[in-house]
$ cat final_4.txt   # compact mmCIF, C-alpha atoms
# COMPACT_ATOMS: atom_id res chain seq x y z
CA MET T 621 -31.30 25.64 -16.22
CA GLY T 622 -33.36 23.63 -18.67
CA GLU T 623 -34.35 26.79 -20.50
CA ARG T 624 -30.73 27.30 -21.49
CA MET T 625 -31.04 24.13 -23.61
CA THR T 626 -34.36 24.95 -25.23
CA ASN T 627 -34.57 28.71 -25.69
CA LEU T 628 -31.83 28.86 -28.31
CA PRO T 629 -31.38 32.04 -30.34
CA THR T 630 -32.07 31.45 -34.04
CA VAL T 631 -31.60 34.90 -35.58
CA GLN T 632 -29.16 37.78 -35.41
CA SER T 633 -30.47 41.18 -34.33
CA SER T 634 -30.36 42.14 -38.02
CA GLY T 635 -32.99 39.50 -38.68
CA GLU T 636 -30.50 37.31 -40.59
CA PRO T 637 -30.41 33.66 -39.51
CA ALA T 638 -27.75 32.72 -36.92
CA LEU T 639 -24.54 31.49 -38.55
CA SER T 640 -23.54 27.86 -38.84
CA VAL T 641 -20.47 26.68 -36.95
CA ALA T 642 -18.31 26.73 -40.10
CA GLU T 643 -19.47 30.24 -40.99
CA ALA T 644 -18.83 31.51 -37.46
CA ILE T 645 -15.35 29.97 -37.30
CA ALA T 646 -14.37 31.39 -40.70
CA LYS T 647 -15.95 34.80 -40.16
CA ARG T 648 -14.58 35.36 -36.65
CA ARG T 649 -11.47 37.55 -36.78
CA SER T 650 -9.71 39.41 -34.02
CA HIS T 651 -10.26 43.15 -34.21
CA ARG T 652 -8.18 45.99 -32.86
CA HIS T 653 -10.88 48.63 -32.45
CA PHE T 654 -14.54 48.55 -31.54
CA LYS T 655 -17.40 51.01 -32.02
CA PRO T 656 -19.08 52.23 -28.83
CA ASP T 657 -22.43 50.80 -30.03
CA PRO T 658 -24.16 48.83 -27.28
CA LEU T 659 -24.98 45.14 -27.61
CA PRO T 660 -28.64 44.25 -28.26
CA GLU T 661 -30.72 43.82 -25.09
CA GLY T 662 -30.34 40.30 -23.70
CA LEU T 663 -27.55 39.26 -26.05
CA LEU T 664 -24.89 39.00 -23.35
CA ASP T 665 -27.10 36.70 -21.27
CA GLU T 666 -27.71 34.60 -24.37
CA VAL T 667 -24.07 34.09 -25.32
CA LEU T 668 -23.00 33.62 -21.69
CA GLY T 669 -25.76 31.03 -21.31
CA LEU T 670 -24.45 29.20 -24.37
CA ALA T 671 -20.89 29.36 -23.03
CA THR T 672 -22.02 27.63 -19.83
CA LEU T 673 -23.39 24.75 -21.92
CA ALA T 674 -19.78 23.85 -22.76
CA PRO T 675 -18.77 20.37 -21.62
CA SER T 676 -16.59 19.86 -18.54
CA GLY T 677 -15.07 16.85 -16.81
CA TYR T 678 -17.73 15.41 -14.47
CA ASN T 679 -19.82 18.50 -15.29
CA LEU T 680 -17.75 20.42 -12.72
CA GLN T 681 -18.14 23.74 -14.60
CA PRO T 682 -15.02 25.45 -13.24
CA TRP T 683 -15.67 28.61 -15.27
CA ARG T 684 -16.70 31.98 -13.89
CA PHE T 685 -17.20 35.00 -16.13
CA ILE T 686 -16.91 38.63 -15.08
CA VAL T 687 -18.64 40.99 -17.49
CA VAL T 688 -16.92 44.37 -17.62
CA SER T 689 -19.34 46.88 -19.12
CA GLU T 690 -19.47 49.92 -16.83
CA PRO T 691 -17.08 52.79 -17.70
CA GLU T 692 -15.39 52.64 -14.30
CA ALA T 693 -14.84 48.87 -14.54
CA LYS T 694 -13.53 49.15 -18.10
CA GLU T 695 -10.98 51.66 -16.90
CA ARG T 696 -9.90 49.29 -14.13
CA LEU T 697 -9.38 46.47 -16.64
CA TRP T 698 -7.68 48.70 -19.20
CA GLU T 699 -5.10 49.74 -16.59
CA VAL T 700 -4.03 46.14 -15.99
CA SER T 701 -4.24 44.97 -19.63
CA TYR T 702 -1.49 47.06 -21.19
CA LYS T 703 -3.99 49.87 -21.88
CA GLN T 704 -5.39 48.22 -25.00
CA PRO T 705 -7.90 50.68 -26.45
CA LYS T 706 -10.46 48.00 -27.30
CA ILE T 707 -11.17 47.43 -23.62
CA LEU T 708 -12.38 51.03 -23.24
CA GLU T 709 -14.10 50.98 -26.63
CA ALA T 710 -15.99 47.66 -26.65
CA PRO T 711 -19.42 47.61 -24.99
CA ALA T 712 -18.32 44.59 -22.96
CA THR T 713 -15.21 42.59 -22.17
CA VAL T 714 -15.52 39.25 -20.39
CA ILE T 715 -12.86 38.14 -17.92
CA CYS T 716 -12.82 34.34 -18.14
CA CYS T 717 -11.79 32.81 -14.80
CA GLY T 718 -11.02 29.26 -13.71
CA GLU T 719 -11.80 27.90 -10.25
CA THR T 720 -8.93 25.66 -9.15
CA THR T 721 -10.79 24.73 -5.93
CA GLY T 722 -14.15 26.53 -6.23
CA TRP T 723 -15.63 23.68 -8.31
CA ALA T 724 -15.71 21.68 -5.06
CA THR T 725 -17.88 24.34 -3.37
CA THR T 726 -20.58 23.93 -6.02
CA LEU T 727 -20.19 20.14 -6.37
CA GLU T 728 -23.21 19.17 -4.27
CA GLU T 729 -25.46 21.72 -5.95
CA MET T 730 -24.37 20.37 -9.36
CA LEU T 731 -24.98 16.75 -8.33
CA ALA T 732 -28.41 17.57 -6.82
CA GLU T 733 -29.47 19.19 -10.08
CA GLY T 734 -28.28 16.18 -12.08
CA LEU T 735 -30.25 13.87 -9.77
CA ARG T 736 -33.33 16.09 -10.05
CA LEU T 737 -33.15 16.00 -13.84
CA GLY T 738 -32.76 12.21 -13.88
CA ALA T 739 -29.25 12.33 -15.34
CA TYR T 740 -27.42 11.00 -12.29
CA THR T 741 -27.94 8.19 -9.79
CA GLU T 742 -26.82 8.26 -6.16
CA GLY T 743 -24.15 5.74 -7.10
CA TYR T 744 -22.80 7.91 -9.88
CA SER T 745 -22.82 10.94 -7.58
CA ASP T 746 -20.72 9.05 -5.07
CA HIS T 747 -18.30 8.13 -7.81
CA VAL T 748 -17.94 11.79 -8.83
CA ARG T 749 -17.38 12.85 -5.20
CA LYS T 750 -14.43 10.46 -5.01
CA ALA T 751 -13.02 10.75 -8.52
CA ALA T 752 -13.14 14.49 -9.32
CA GLY T 753 -10.44 15.68 -6.91
CA PRO T 754 -7.79 13.19 -8.07
CA VAL T 755 -8.44 14.01 -11.74
CA VAL T 756 -7.97 17.75 -11.11
CA GLU T 757 -4.88 17.11 -9.00
CA GLY T 758 -3.52 14.63 -11.52
CA TRP T 759 -3.40 17.20 -14.31
CA GLY T 760 -2.60 20.02 -11.92
CA PRO T 761 -5.36 22.53 -11.12
CA ASP T 762 -3.80 25.35 -13.17
CA LEU T 763 -3.54 23.31 -16.35
CA TRP T 764 -6.94 21.76 -15.76
CA VAL T 765 -8.81 25.05 -15.40
CA ASN T 766 -6.98 26.60 -18.34
CA ARG T 767 -8.15 23.76 -20.57
CA HIS T 768 -11.71 23.93 -19.37
CA ILE T 769 -12.11 27.68 -19.49
CA MET T 770 -10.92 27.79 -23.08
CA ILE T 771 -13.68 25.41 -24.14
CA ALA T 772 -16.27 27.77 -22.68
CA ALA T 773 -14.50 30.89 -23.97
CA THR T 774 -14.46 29.42 -27.48
CA CYS T 775 -18.18 28.65 -27.25
CA LEU T 776 -18.70 32.25 -26.11
CA MET T 777 -16.81 33.70 -29.09
CA LEU T 778 -18.47 31.46 -31.67
CA ALA T 779 -21.93 32.01 -30.18
CA ALA T 780 -21.38 35.79 -30.31
CA GLU T 781 -20.15 35.61 -33.91
CA SER T 782 -23.12 33.49 -34.95
CA LEU T 783 -25.39 36.26 -33.64
CA GLY T 784 -23.52 39.03 -35.46
CA VAL T 785 -21.28 40.19 -32.60
CA GLU T 786 -17.54 40.32 -33.12
CA SER T 787 -15.01 39.29 -30.51
CA CYS T 788 -11.36 39.56 -29.65
CA PRO T 789 -9.65 37.14 -27.26
CA MET T 790 -6.62 38.58 -25.49
CA GLU T 791 -3.72 37.12 -23.59
CA GLY T 792 -2.28 40.59 -23.00
CA PHE T 793 -3.09 41.22 -19.34
CA GLU T 794 -1.27 41.11 -16.03
CA GLU T 795 -2.97 38.30 -14.19
CA GLU T 796 -2.07 39.33 -10.63
CA ARG T 797 -3.13 42.92 -11.23
CA VAL T 798 -6.41 41.81 -12.84
CA LYS T 799 -7.09 39.69 -9.75
CA GLU T 800 -6.45 42.63 -7.44
CA ALA T 801 -8.54 45.01 -9.53
CA PHE T 802 -11.57 42.70 -9.67
CA ASP T 803 -11.46 41.08 -6.20
CA ILE T 804 -10.68 37.68 -7.69
CA PRO T 805 -9.74 35.12 -5.01
CA GLU T 806 -6.20 33.79 -4.77
CA ASP T 807 -7.12 30.27 -5.94
CA VAL T 808 -8.80 31.50 -9.14
CA ARG T 809 -6.87 31.78 -12.41
CA VAL T 810 -7.57 34.46 -15.01
CA VAL T 811 -7.35 32.49 -18.26
CA CYS T 812 -8.28 35.00 -20.94
CA ILE T 813 -10.24 38.16 -21.61
CA VAL T 814 -12.62 38.52 -24.54
CA SER T 815 -13.95 41.81 -25.89
CA LEU T 816 -17.35 41.72 -27.59
CA GLY T 817 -18.88 44.34 -29.87
CA TYR T 818 -18.80 45.76 -33.36
CA ALA T 819 -15.48 46.40 -35.09
CA THR T 820 -14.80 49.87 -36.48
CA GLU T 821 -13.34 48.40 -39.67
CA PRO T 822 -13.60 45.29 -41.82
CA PRO T 823 -10.98 42.71 -40.80
CA LYS T 824 -7.51 42.98 -42.31
CA ALA T 825 -6.57 40.38 -44.93
CA PHE T 826 -6.66 36.77 -43.73
CA PRO T 827 -3.06 35.80 -42.87
CA GLY T 828 -3.52 32.16 -43.87
CA ARG T 829 -2.75 28.99 -42.00
CA LEU T 830 0.02 26.43 -42.19
CA PRO T 831 -0.65 23.62 -44.69
CA LEU T 832 -2.94 20.91 -43.37
CA GLU T 833 -0.08 18.41 -43.86
CA THR T 834 1.98 20.36 -41.31
CA LEU T 835 -0.82 20.43 -38.74
CA VAL T 836 -2.47 17.04 -39.16
CA PHE T 837 -0.79 13.65 -38.83
CA TRP T 838 -2.22 10.15 -39.18
CA GLN T 839 -1.69 7.16 -36.82
CA GLY T 840 1.49 8.72 -35.39
CA TYR T 841 3.21 12.08 -34.86
CA GLY T 842 4.75 13.35 -38.11
CA GLN T 843 3.08 10.65 -40.23
CA PRO T 844 1.36 11.80 -43.44
CA LYS T 845 -2.04 10.53 -44.55
CA ALA T 846 -1.71 7.06 -46.05
CA MET K 53 -4.84 27.72 -47.33
CA GLY K 54 -7.31 30.17 -48.79
CA GLU K 55 -9.65 27.35 -49.72
CA ARG K 56 -10.10 26.55 -46.04
CA MET K 57 -11.83 29.93 -45.66
CA THR K 58 -14.05 29.67 -48.73
CA ASN K 59 -14.99 26.05 -49.25
CA LEU K 60 -17.13 25.83 -46.13
CA PRO K 61 -19.42 22.84 -45.66
CA THR K 62 -23.08 23.87 -45.61
CA VAL K 63 -24.93 20.56 -45.24
CA GLN K 64 -24.72 17.42 -43.18
CA SER K 65 -24.27 14.10 -44.99
CA SER K 66 -27.99 13.52 -44.33
CA GLY K 67 -28.73 16.53 -46.51
CA GLU K 68 -29.94 18.56 -43.53
CA PRO K 69 -28.44 22.05 -43.26
CA ALA K 70 -25.36 22.38 -41.02
CA LEU K 71 -26.28 23.37 -37.46
CA SER K 72 -25.97 26.88 -36.08
CA VAL K 73 -23.48 27.47 -33.28
CA ALA K 74 -26.22 27.50 -30.63
CA GLU K 75 -27.70 24.25 -31.96
CA ALA K 76 -24.30 22.56 -32.08
CA ILE K 77 -23.39 23.65 -28.54
CA ALA K 78 -26.73 22.49 -27.13
CA LYS K 79 -26.87 19.25 -29.10
CA ARG K 80 -23.27 18.18 -28.44
CA ARG K 81 -23.19 15.67 -25.59
CA SER K 82 -20.41 13.32 -24.52
CA HIS K 83 -21.13 9.72 -25.42
CA ARG K 84 -19.83 6.52 -23.89
CA HIS K 85 -20.16 4.20 -26.88
CA PHE K 86 -19.86 4.65 -30.62
CA LYS K 87 -21.09 2.60 -33.58
CA PRO K 88 -18.39 1.25 -35.92
CA ASP K 89 -19.94 3.20 -38.83
CA PRO K 90 -17.29 5.08 -40.81
CA LEU K 91 -17.30 8.86 -41.21
CA PRO K 92 -18.42 10.25 -44.58
CA GLU K 93 -15.60 10.60 -47.11
CA GLY K 94 -13.76 13.88 -46.65
CA LEU K 95 -15.46 14.80 -43.39
CA LEU K 96 -12.35 14.47 -41.23
CA ASP K 97 -10.41 16.80 -43.52
CA GLU K 98 -13.28 19.26 -43.38
CA VAL K 99 -13.55 19.42 -39.57
CA LEU K 100 -9.77 19.39 -39.12
CA GLY K 101 -9.54 22.24 -41.62
CA LEU K 102 -12.11 24.19 -39.62
CA ALA K 103 -10.24 23.47 -36.37
CA THR K 104 -7.09 24.99 -37.86
CA LEU K 105 -9.00 28.21 -38.56
CA ALA K 106 -9.14 28.76 -34.78
CA PRO K 107 -7.44 31.96 -33.64
CA SER K 108 -4.02 31.88 -31.97
CA GLY K 109 -1.71 34.49 -30.48
CA TYR K 110 0.33 36.01 -33.36
CA ASN K 111 -1.18 33.28 -35.58
CA LEU K 112 1.44 30.88 -34.18
CA GLN K 113 -0.87 27.85 -34.59
CA PRO K 114 0.77 25.64 -31.94
CA TRP K 115 -1.71 22.78 -32.54
CA ARG K 116 -0.92 19.45 -34.13
CA PHE K 117 -3.56 16.76 -34.53
CA ILE K 118 -2.91 13.04 -34.81
CA VAL K 119 -5.85 11.16 -36.32
CA VAL K 120 -6.11 7.64 -34.95
CA SER K 121 -8.27 5.61 -37.30
CA GLU K 122 -6.41 2.38 -38.14
CA PRO K 123 -7.23 -0.63 -35.93
CA GLU K 124 -3.62 -1.06 -34.87
CA ALA K 125 -3.30 2.63 -33.91
CA LYS K 126 -6.61 2.56 -32.04
CA GLU K 127 -5.33 -0.35 -29.98
CA ARG K 128 -2.15 1.59 -29.18
CA LEU K 129 -4.20 4.56 -27.96
CA TRP K 130 -6.69 2.41 -26.08
CA GLU K 131 -3.85 0.81 -24.10
CA VAL K 132 -2.65 4.18 -22.78
CA SER K 133 -6.11 5.72 -22.25
CA TYR K 134 -7.43 3.48 -19.49
CA LYS K 135 -8.85 1.09 -22.10
CA GLN K 136 -11.93 3.20 -22.77
CA PRO K 137 -14.07 1.21 -25.21
CA LYS K 138 -14.99 4.26 -27.30
CA ILE K 139 -11.42 4.52 -28.58
CA LEU K 140 -11.67 1.09 -30.20
CA GLU K 141 -15.27 1.68 -31.29
CA ALA K 142 -15.19 5.19 -32.80
CA PRO K 143 -14.13 5.47 -36.45
CA ALA K 144 -11.59 8.13 -35.42
CA THR K 145 -10.07 9.64 -32.31
CA VAL K 146 -7.99 12.79 -32.59
CA ILE K 147 -4.99 13.31 -30.29
CA CYS K 148 -4.74 17.10 -29.83
CA CYS K 149 -1.13 18.15 -29.24
CA GLY K 150 0.50 21.45 -28.30
CA GLU K 151 3.93 22.53 -29.54
CA THR K 152 5.73 24.28 -26.69
CA THR K 153 8.68 25.12 -28.97
CA GLY K 154 7.65 23.77 -32.40
CA TRP K 155 5.69 26.95 -33.17
CA ALA K 156 9.11 28.63 -33.65
CA THR K 157 10.10 26.10 -36.32
CA THR K 158 7.10 27.09 -38.48
CA LEU K 159 7.29 30.82 -37.64
CA GLU K 160 8.99 31.92 -40.88
CA GLU K 161 6.66 29.85 -43.04
CA MET K 162 3.67 31.38 -41.25
CA LEU K 163 5.00 34.94 -41.66
CA ALA K 164 5.82 34.39 -45.34
CA GLU K 165 2.27 33.24 -45.99
CA GLY K 166 0.85 36.28 -44.17
CA LEU K 167 3.07 38.55 -46.29
CA ARG K 168 2.05 36.76 -49.47
CA LEU K 169 -1.64 37.21 -48.64
CA GLY K 170 -1.14 40.90 -47.86
CA ALA K 171 -2.04 40.53 -44.19
CA TYR K 172 1.42 41.31 -42.77
CA THR K 173 4.11 43.89 -43.42
CA GLU K 174 7.83 43.33 -42.95
CA GLY K 175 7.65 45.59 -39.92
CA TYR K 176 4.87 43.56 -38.35
CA SER K 177 6.77 40.34 -39.08
CA ASP K 178 9.81 41.70 -37.25
CA HIS K 179 7.61 42.60 -34.31
CA VAL K 180 6.24 39.03 -34.17
CA ARG K 181 9.77 37.57 -34.35
CA LYS K 182 10.71 39.55 -31.26
CA ALA K 183 7.44 39.44 -29.29
CA ALA K 184 6.21 35.85 -29.66
CA GLY K 185 8.84 34.10 -27.54
CA PRO K 186 8.46 36.36 -24.49
CA VAL K 187 4.66 35.99 -24.58
CA VAL K 188 4.90 32.18 -24.61
CA GLU K 189 7.56 32.23 -21.88
CA GLY K 190 5.59 34.76 -19.87
CA TRP K 191 2.58 32.50 -19.52
CA GLY K 192 4.70 29.36 -19.44
CA PRO K 193 4.75 27.15 -22.54
CA ASP K 194 2.66 24.38 -20.94
CA LEU K 195 -0.17 26.68 -19.93
CA TRP K 196 0.05 28.57 -23.20
CA VAL K 197 -0.29 25.51 -25.43
CA ASN K 198 -3.05 24.06 -23.29
CA ARG K 199 -5.09 27.22 -23.76
CA HIS K 200 -4.52 27.37 -27.48
CA ILE K 201 -5.13 23.73 -28.25
CA MET K 202 -8.48 23.83 -26.45
CA ILE K 203 -9.68 26.62 -28.73
CA ALA K 204 -8.96 24.46 -31.76
CA ALA K 205 -10.31 21.28 -30.11
CA THR K 206 -13.56 23.09 -29.31
CA CYS K 207 -13.84 24.27 -32.92
CA LEU K 208 -13.24 20.66 -33.99
CA MET K 209 -16.02 19.32 -31.78
CA LEU K 210 -18.56 21.98 -32.73
CA ALA K 211 -17.72 21.70 -36.43
CA ALA K 212 -18.22 17.92 -36.26
CA GLU K 213 -21.52 18.31 -34.39
CA SER K 214 -22.76 20.86 -36.91
CA LEU K 215 -22.19 18.27 -39.64
CA GLY K 216 -24.00 15.51 -37.78
CA VAL K 217 -20.98 13.80 -36.20
CA GLU K 218 -20.88 13.27 -32.46
CA SER K 219 -17.80 13.72 -30.33
CA CYS K 220 -16.42 12.94 -26.93
CA PRO K 221 -13.50 14.88 -25.43
CA MET K 222 -11.45 12.91 -22.91
CA GLU K 223 -8.96 13.81 -20.24
CA GLY K 224 -8.56 10.15 -19.29
CA PHE K 225 -5.19 9.25 -20.79
CA GLU K 226 -1.64 8.82 -19.56
CA GLU K 227 0.23 11.61 -21.27
CA GLU K 228 3.73 10.12 -21.10
CA ARG K 229 2.53 6.75 -22.40
CA VAL K 230 0.56 8.41 -25.24
CA LYS K 231 3.73 10.27 -26.21
CA GLU K 232 5.74 7.05 -26.28
CA ALA K 233 3.08 5.17 -28.23
CA PHE K 234 2.74 7.83 -30.93
CA ASP K 235 6.37 9.05 -31.26
CA ILE K 236 5.43 12.48 -29.89
CA PRO K 237 8.52 14.63 -29.17
CA GLU K 238 9.48 15.49 -25.60
CA ASP K 239 8.60 19.20 -25.93
CA VAL K 240 5.05 18.51 -27.16
CA ARG K 241 2.12 18.32 -24.72
CA VAL K 242 -0.85 16.04 -25.24
CA VAL K 243 -3.76 18.27 -24.26
CA CYS K 244 -6.85 16.18 -24.96
CA ILE K 245 -8.18 13.37 -27.09
CA VAL K 246 -11.49 13.59 -28.94
CA SER K 247 -13.42 10.63 -30.35
CA LEU K 248 -15.62 11.31 -33.37
CA GLY K 249 -18.41 9.14 -34.74
CA TYR K 250 -21.99 8.09 -34.18
CA ALA K 251 -23.22 7.24 -30.70
CA THR K 252 -24.90 3.88 -30.15
CA GLU K 253 -27.61 5.44 -28.01
CA PRO K 254 -29.37 8.78 -27.56
CA PRO K 255 -27.63 10.90 -24.92
CA LYS K 256 -28.59 10.37 -21.28
CA ALA K 257 -30.69 13.08 -19.66
CA PHE K 258 -29.11 16.54 -19.58
CA PRO K 259 -27.57 16.97 -16.10
CA GLY K 260 -28.18 20.74 -16.01
CA ARG K 261 -25.85 23.58 -15.27
CA LEU K 262 -25.28 25.80 -12.26
CA PRO K 263 -27.49 28.91 -12.20
CA LEU K 264 -26.25 31.73 -14.40
CA GLU K 265 -25.98 33.91 -11.25
CA THR K 266 -23.38 31.48 -9.89
CA LEU K 267 -21.31 31.48 -13.08
CA VAL K 268 -21.58 35.08 -14.28
CA PHE K 269 -20.59 38.20 -12.35
CA TRP K 270 -20.73 41.85 -13.35
CA GLN K 271 -17.98 44.50 -12.94
CA GLY K 272 -16.25 42.43 -10.21
CA TYR K 273 -15.87 38.86 -8.95
CA GLY K 274 -18.94 37.74 -7.02
CA GLN K 275 -20.95 40.82 -8.00
CA PRO K 276 -24.52 40.23 -9.24
CA LYS K 277 -26.01 42.00 -12.24
CA ALA K 278 -26.98 45.55 -11.27
$ encode --input "final_4.txt" --output "structure tokens"
Amino acid sequence: MGERMTNLPTVQSSGEPALSVAEAIAKRRSHRHFKPDPLPEGLLDEVLGLATLAPSGYNLQPWRFIVVSEPEAKERLWEVSYKQPKILEAPATVICCGETTGWATTLEEMLAEGLRLGAYTEGYSDHVRKAAGPVVEGWGPDLWVNRHIMIAATCLMLAAESLGVESCPMEGFEEERVKEAFDIPEDVRVVCIVSLGYATEPPKAFPGRLPLETLVFWQGYGQPKA
Amino acid sequence: MGERMTNLPTVQSSGEPALSVAEAIAKRRSHRHFKPDPLPEGLLDEVLGLATLAPSGYNLQPWRFIVVSEPEAKERLWEVSYKQPKILEAPATVICCGETTGWATTLEEMLAEGLRLGAYTEGYSDHVRKAAGPVVEGWGPDLWVNRHIMIAATCLMLAAESLGVESCPMEGFEEERVKEAFDIPEDVRVVCIVSLGYATEPPKAFPGRLPLETLVFWQGYGQPKA
């Protein structure tokens, strides 16, 4: 686990330095079509490793990722995602899942690792054992996993972009059919799917954003900056 | 709007270069206490601007951010967030809100800007007018805004980290009381709150993550890498 924190990628496969956060956010655009070019060896493990470094409440890590990269699996996903061509085209699409109850199954393993690394005490572990369930239930497990998975999915997209790999997040899929097609348990939510690869074309023109004054308030909802 | 895409910050206030995505993800840790030190002039606008560059379905941008930085406003938020000291301590805490219906109010302004910038056609705009509502309703507005706001909140945290500012996302708040205290409309969800500033202490030991084999599957749920 520790190696995920220390062995950080510093260059793109082109040899260019990895992008800064601001560069990755600004450069990342959703693409409609991908080239069939494969991803560089090891890149998927790298960006998935970075995604799992995302923060989660009590370090519960409710995310599970299914990489869809074999032709037969791509076809399965394409069928249940409104037949979007990019799923067949992209070298990999990641199904980002949220464990509404599965986080409890891995709780003791997570706590043991935290103890081993000197991050947790027995007292803190006991606190987490008691507190985690009520927090998840308080927000509702569906809402709670959707929030958490999107943190990790965003890390995944930005990490990919910083290493020269383009991405496209999609909400166009039929959740129940995806679950059937990929043997996903009943209590797991499919939160989003993200294609990774190289776009066939430069991005279309940037469509802009609403003015910052519309999106950002100060000290109260609707209040402008003083 | 265009300037948000071009005027990207490249250095931290220390003069060090802005962090790469991998560095920011690995370095970002949740902190319990913050120094009262103010944020550098203009930094909040910069990271909020980057957060609003996050992708959203049909570019609907359902996020609204309330910056809480005045002592009186901090006290209001602290009261409804289980009196966590960091809310009083940090120079700013951002309340990240999701518009379950408000995205429709800004739809025409968003489409007009996309047309102006040459990103949209009239035909595409008509498609968005018809398609957006059913997509939001299909997922359920609560789930949909929670997903979207977490993309932007993650961009916010990583952008801050890349510029040398630490952050702490929190799910410990009473949503209804936050809404009352900050005049947030009924149909808006409070998705998370994020404190920004400088931690009083180095982060505690890294608690580790579950093995990649537990978190990542290939071609189907539960399937190991071939």
$ closest_atom_pairs --input "final_4.txt" --of "chain K" --to "chain T" --cutoff "6 Å" --atoms "all atoms listed in the file" --output "CSV"
residue,atom,partner,partner_atom,distance
K:Met53,CA,T:Gly828,CA,5.8
K:Met57,CA,T:Ala646,CA,5.8
K:Leu71,CA,T:Ser640,CA,5.4
K:Ser72,CA,T:Ser640,CA,3.8
K:Val73,CA,T:Val641,CA,4.8
K:Ala78,CA,T:Met625,CA,5.8
K:Arg116,CA,T:Leu835,CA,4.7
K:Phe117,CA,T:Val836,CA,4.8
K:Ile118,CA,T:Phe837,CA,4.6
K:Val119,CA,T:Trp838,CA,4.7
K:Val120,CA,T:Gln839,CA,4.8
K:Ala125,CA,T:Gln839,CA,5.6
K:Gly166,CA,T:Pro827,CA,4.1
K:Ala171,CA,T:Ala825,CA,4.6
K:Leu195,CA,T:Leu763,CA,6.0
K:Asn198,CA,T:Arg767,CA,5.8
K:Arg199,CA,T:Arg767,CA,5.6
K:Met202,CA,T:Met770,CA,5.7
K:Ile203,CA,T:Thr774,CA,5.7
K:Thr206,CA,T:Ile771,CA,5.7
K:Ala211,CA,T:Val641,CA,5.7
K:Phe234,CA,T:Gly840,CA,4.7
K:Asp235,CA,T:Tyr841,CA,5.7
K:Ile236,CA,T:Tyr841,CA,5.5
K:Ala257,CA,T:Ala739,CA,4.6
K:Phe258,CA,T:Ala739,CA,6.0
K:Pro259,CA,T:Gly734,CA,4.2
K:Gly260,CA,T:Met621,CA,5.8
K:Arg261,CA,T:Met621,CA,5.9
K:Leu267,CA,T:Arg684,CA,4.7
K:Val268,CA,T:Phe685,CA,4.8
K:Phe269,CA,T:Ile686,CA,4.6
K:Trp270,CA,T:Val687,CA,4.7
K:Gln271,CA,T:Val688,CA,4.8
K:Gly272,CA,T:Phe802,CA,4.7
K:Tyr273,CA,T:Ile804,CA,5.5
$ atom_distance --input "final_4.txt" --atom1 "atom CA of Glu728 of chain T" --atom2 "atom CA of Ile813 of chain T"
28.8 Å
$ residues_around --input "final_4.txt" --residues "His83 of chain K" --least-positions-apart "3" --cutoff "9 Å" --atoms "only C-alpha atoms" --output "JSON, numbers by chain"
{"K": [86, 138, 218, 219, 220, 250, 251, 252, 253, 254, 255, 256]}
$ atom_distance --input "final_4.txt" --atom1 "atom CA of Pro705 of chain T" --atom2 "atom CA of Glu806 of chain T"
27.5 Å
$ atom_distance --input "final_4.txt" --atom1 "atom CA of Glu226 of chain K" --atom2 "atom CA of Gln136 of chain K"
12.2 Å
$ build_atoms --input "final_4.txt" --residues "segment 651-660 of chain T" --atoms "N, CA and C atoms" --output "compact mmCIF listing (two decimals), in the frame of the given file"
# COMPACT_ATOMS: atom_id res chain seq x y z
N HIS T 651 -10.24 41.74 -33.80
CA HIS T 651 -10.26 43.15 -34.21
C HIS T 651 -9.51 44.01 -33.19
N ARG T 652 -8.97 45.09 -33.69
CA ARG T 652 -8.18 45.99 -32.86
C ARG T 652 -9.03 47.09 -32.23
N HIS T 653 -10.07 47.52 -32.94
CA HIS T 653 -10.88 48.63 -32.45
C HIS T 653 -12.37 48.33 -32.56
N PHE T 654 -13.10 48.78 -31.56
CA PHE T 654 -14.54 48.55 -31.54
C PHE T 654 -15.30 49.87 -31.52
N LYS T 655 -16.49 49.87 -32.12
CA LYS T 655 -17.40 51.01 -32.02
C LYS T 655 -18.00 51.03 -30.60
N PRO T 656 -18.47 52.19 -30.17
CA PRO T 656 -19.08 52.23 -28.83
C PRO T 656 -20.51 51.67 -28.81
N ASP T 657 -21.03 51.27 -29.96
CA ASP T 657 -22.43 50.80 -30.03
C ASP T 657 -22.72 49.71 -28.98
N PRO T 658 -23.84 49.84 -28.29
CA PRO T 658 -24.16 48.83 -27.28
C PRO T 658 -24.58 47.50 -27.93
N LEU T 659 -24.51 46.44 -27.15
CA LEU T 659 -24.98 45.14 -27.61
C LEU T 659 -26.50 45.11 -27.50
N PRO T 660 -27.18 44.35 -28.36
CA PRO T 660 -28.64 44.25 -28.26
C PRO T 660 -29.04 43.72 -26.87
